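Colleague: The structure is given below, and queries will be raised subsequently.
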Amino acid sequence: MNYNTDRNDIEMREYGRHLQKMVDYAVNIPKREERQKVAETIIQMMATLNPQLRSTADYKQKLWDHLFIISKFKLDVDSPYPKPTEETARIKPANLPYPQKKIKLRHYGKNVELLVEKASQMDNEEKKAIFTEIIGNFMKLAYKNWSNEEVSNDLIKEDMKVLSRGALEISEDMNIENMTRNQPKRNFQPSGFQHKNKNKNKNKNNRNNRGNFPPNNNRNRFNKNS
């Protein structure tokens, strides 16, 4: 039995080991015309094995590029597109910069910190108080969704002081219950529970409707004729 660990490496795993063997065979074909026909046949098979490339621009050129990559750039055939080299095909994308800013209280997220910072810089005290109340509402909702438990207003007030470095304060006049109060309650009924209730109500209605049919007067009709 041959294990994959004992076999040669596959250059592009999305095409599989069998196509890798076909490309290796094409590389060793001595006649150029025959080698060209085999390469074009392999391109058709690659398009079938990797159909998602059809939705990309210049997908045929990518197939030819993949063919040369799979052959380790040893396949000598004519391509309708410029042949890639190992240097151009192996270019690694540059690393994307990722923000390394630390979040003081992760359960609120970075956006809450930005809102608190913006509200702290407001000169209008009336607008600052309105923004503080709105942010406090959102903080309580976010904390409740994160912990799945009830949260006290005192905790939100303390967290507001921490995030704003004492610049914002949730006063006793502010209402931070608006969002949590309007949040709809979830119904965690089992999946088959509602279906059983529907069938039960349907059978109940059928039993109740039996008395609404007109009475059978056939017996009275025969009595009259007799």
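Here's how to read the names in the structure tokens: chain A, B, ... by the order shown, residue numbers from 1 in each chain, ligand numbers from 1 in the order shown.
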Would you pick out the contacts of region 46-61 of chain A at 9 Å or less, using only C-alpha atoms, so that residues sharing its chain but fewer than 6 positions from it are not included, and give the list as JSON, numbers by chain?
Modeller: {"A": [14, 15, 16, 19, 67, 79, 80, 81, 82]}
Colleague: Among region 93-139 of chain A, which ones does DSSP place in alpha helix (DSSP H), written as a ChimeraX atom specification?
Modeller: /A:110-120,125-139
Colleague: Please, could you write that set of residues out with N, CA and C atoms as a CSV table (one decimal), in the first residue's frame?
Modeller:
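Final output, again_13.csv:
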chain,number,residue,atom,x,y,z
A,110,LYS,N,-14.4,48.2,20.2
A,110,LYS,CA,-13.6,49.4,19.9
A,110,LYS,C,-14.5,50.6,19.6
A,111,ASN,N,-15.7,50.3,18.9
A,111,ASN,CA,-16.5,51.4,18.5
A,111,ASN,C,-17.1,52.2,19.7
A,112,VAL,N,-17.4,51.5,20.8
A,112,VAL,CA,-17.9,52.2,22.0
A,112,VAL,C,-16.8,53.1,22.5
A,113,GLU,N,-15.5,52.7,22.5
A,113,GLU,CA,-14.4,53.5,22.9
A,113,GLU,C,-14.3,54.8,22.1
A,114,LEU,N,-14.5,54.6,20.8
A,114,LEU,CA,-14.4,55.8,19.9
A,114,LEU,C,-15.6,56.7,20.1
A,115,LEU,N,-16.8,56.2,20.4
A,115,LEU,CA,-17.9,57.1,20.7
A,115,LEU,C,-17.7,57.8,22.0
A,116,VAL,N,-17.2,57.1,23.0
A,116,VAL,CA,-16.9,57.8,24.3
A,116,VAL,C,-15.8,58.8,24.1
A,117,GLU,N,-14.8,58.6,23.3
A,117,GLU,CA,-13.8,59.6,23.1
A,117,GLU,C,-14.3,60.8,22.4
A,118,LYS,N,-15.2,60.6,21.4
A,118,LYS,CA,-15.8,61.7,20.7
A,118,LYS,C,-16.7,62.5,21.6
A,119,ALA,N,-17.5,61.8,22.4
A,119,ALA,CA,-18.4,62.6,23.3
A,119,ALA,C,-17.6,63.3,24.4
A,120,SER,N,-16.5,62.8,24.8
A,120,SER,CA,-15.7,63.5,25.8
A,120,SER,C,-15.1,64.8,25.3
A,125,GLU,N,-22.3,71.1,26.6
A,125,GLU,CA,-22.6,70.2,27.8
A,125,GLU,C,-23.9,69.5,27.6
A,126,GLU,N,-24.9,70.1,26.9
A,126,GLU,CA,-26.2,69.5,26.7
A,126,GLU,C,-26.1,68.3,25.7
A,127,LYS,N,-25.4,68.6,24.6
A,127,LYS,CA,-25.2,67.5,23.7
A,127,LYS,C,-24.3,66.4,24.3
A,128,LYS,N,-23.4,66.7,25.1
A,128,LYS,CA,-22.5,65.7,25.8
A,128,LYS,C,-23.4,64.8,26.7
A,129,ALA,N,-24.3,65.4,27.4
A,129,ALA,CA,-25.2,64.6,28.3
A,129,ALA,C,-26.1,63.7,27.5
A,130,ILE,N,-26.6,64.2,26.3
A,130,ILE,CA,-27.4,63.3,25.5
A,130,ILE,C,-26.6,62.1,24.9
A,131,PHE,N,-25.4,62.4,24.4
A,131,PHE,CA,-24.6,61.4,23.9
A,131,PHE,C,-24.2,60.4,25.0
A,132,THR,N,-24.0,60.9,26.2
A,132,THR,CA,-23.6,60.0,27.3
A,132,THR,C,-24.7,59.0,27.6
A,133,GLU,N,-26.0,59.5,27.6
A,133,GLU,CA,-27.1,58.7,27.9
A,133,GLU,C,-27.3,57.6,26.8
A,134,ILE,N,-27.1,58.0,25.5
A,134,ILE,CA,-27.3,57.1,24.4
A,134,ILE,C,-26.2,56.0,24.5
A,135,ILE,N,-25.0,56.4,24.7
A,135,ILE,CA,-23.9,55.4,24.8
A,135,ILE,C,-24.1,54.5,26.0
A,136,GLY,N,-24.6,55.0,27.1
A,136,GLY,CA,-24.9,54.2,28.3
A,136,GLY,C,-25.9,53.2,28.0
A,137,ASN,N,-26.9,53.5,27.2
A,137,ASN,CA,-27.9,52.6,26.8
A,137,ASN,C,-27.3,51.4,26.0
A,138,PHE,N,-26.5,51.8,25.0
A,138,PHE,CA,-25.9,50.8,24.2
A,138,PHE,C,-24.9,49.9,25.0
A,139,MET,N,-24.2,50.5,25.9
A,139,MET,CA,-23.3,49.7,26.7
A,139,MET,C,-24.0,48.7,27.5
Colleague: Near region 24-40 of chain A, within 12 Å and counting only C-alpha atoms, which residues show up once chain neighbours fewer than 3 positions away are dropped, as a PyMOL selection string?
Modeller: chain A and resi 8-11+17-21+43-47+60+63-64+66-80
Colleague: Quick one: residues within 8 Å of Ile156 (chain A), only C-alpha atoms counted, chain neighbours fewer than 3 positions away excluded, as a list in words?
Modeller: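 The residues satisfying every condition are Gly136, Met139, Lys140, Val151, Ser152, Asn153, Asp159 and Met160 of chain A.
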Colleague: Produce a file of the selected residues containing N, CA and C atoms, as a PDB file, in the first residue's frame.
Modeller:
ATOM      1  N   GLY A 136     -24.562  55.049  27.116  1.00  0.00           N
ATOM      2  CA  GLY A 136     -24.851  54.207  28.276  1.00  0.00           C
ATOM      3  C   GLY A 136     -25.906  53.161  27.976  1.00  0.00           C
ATOM      4  N   MET A 139     -24.175  50.518  25.904  1.00  0.00           N
ATOM      5  CA  MET A 139     -23.254  49.743  26.736  1.00  0.00           C
ATOM      6  C   MET A 139     -23.996  48.696  27.550  1.00  0.00           C
ATOM      7  N   LYS A 140     -25.142  49.063  28.082  1.00  0.00           N
ATOM      8  CA  LYS A 140     -25.901  48.095  28.884  1.00  0.00           C
ATOM      9  C   LYS A 140     -26.434  46.967  28.006  1.00  0.00           C
ATOM     10  N   VAL A 151     -27.568  43.176  34.204  1.00  0.00           N
ATOM     11  CA  VAL A 151     -26.440  44.008  34.608  1.00  0.00           C
ATOM     12  C   VAL A 151     -26.974  45.233  35.339  1.00  0.00           C
ATOM     13  N   SER A 152     -26.298  45.623  36.388  1.00  0.00           N
ATOM     14  CA  SER A 152     -26.741  46.766  37.188  1.00  0.00           C
ATOM     15  C   SER A 152     -26.299  48.070  36.545  1.00  0.00           C
ATOM     16  N   ASN A 153     -27.039  49.119  36.832  1.00  0.00           N
ATOM     17  CA  ASN A 153     -26.690  50.443  36.313  1.00  0.00           C
ATOM     18  C   ASN A 153     -25.389  50.954  36.920  1.00  0.00           C
ATOM     19  N   ASP A 159     -18.038  51.695  34.395  1.00  0.00           N
ATOM     20  CA  ASP A 159     -17.353  51.453  33.127  1.00  0.00           C
ATOM     21  C   ASP A 159     -17.293  52.707  32.277  1.00  0.00           C
ATOM     22  N   MET A 160     -18.322  53.534  32.344  1.00  0.00           N
ATOM     23  CA  MET A 160     -18.310  54.794  31.599  1.00  0.00           C
ATOM     24  C   MET A 160     -17.204  55.703  32.107  1.00  0.00           C
TER      25      MET A 160
END
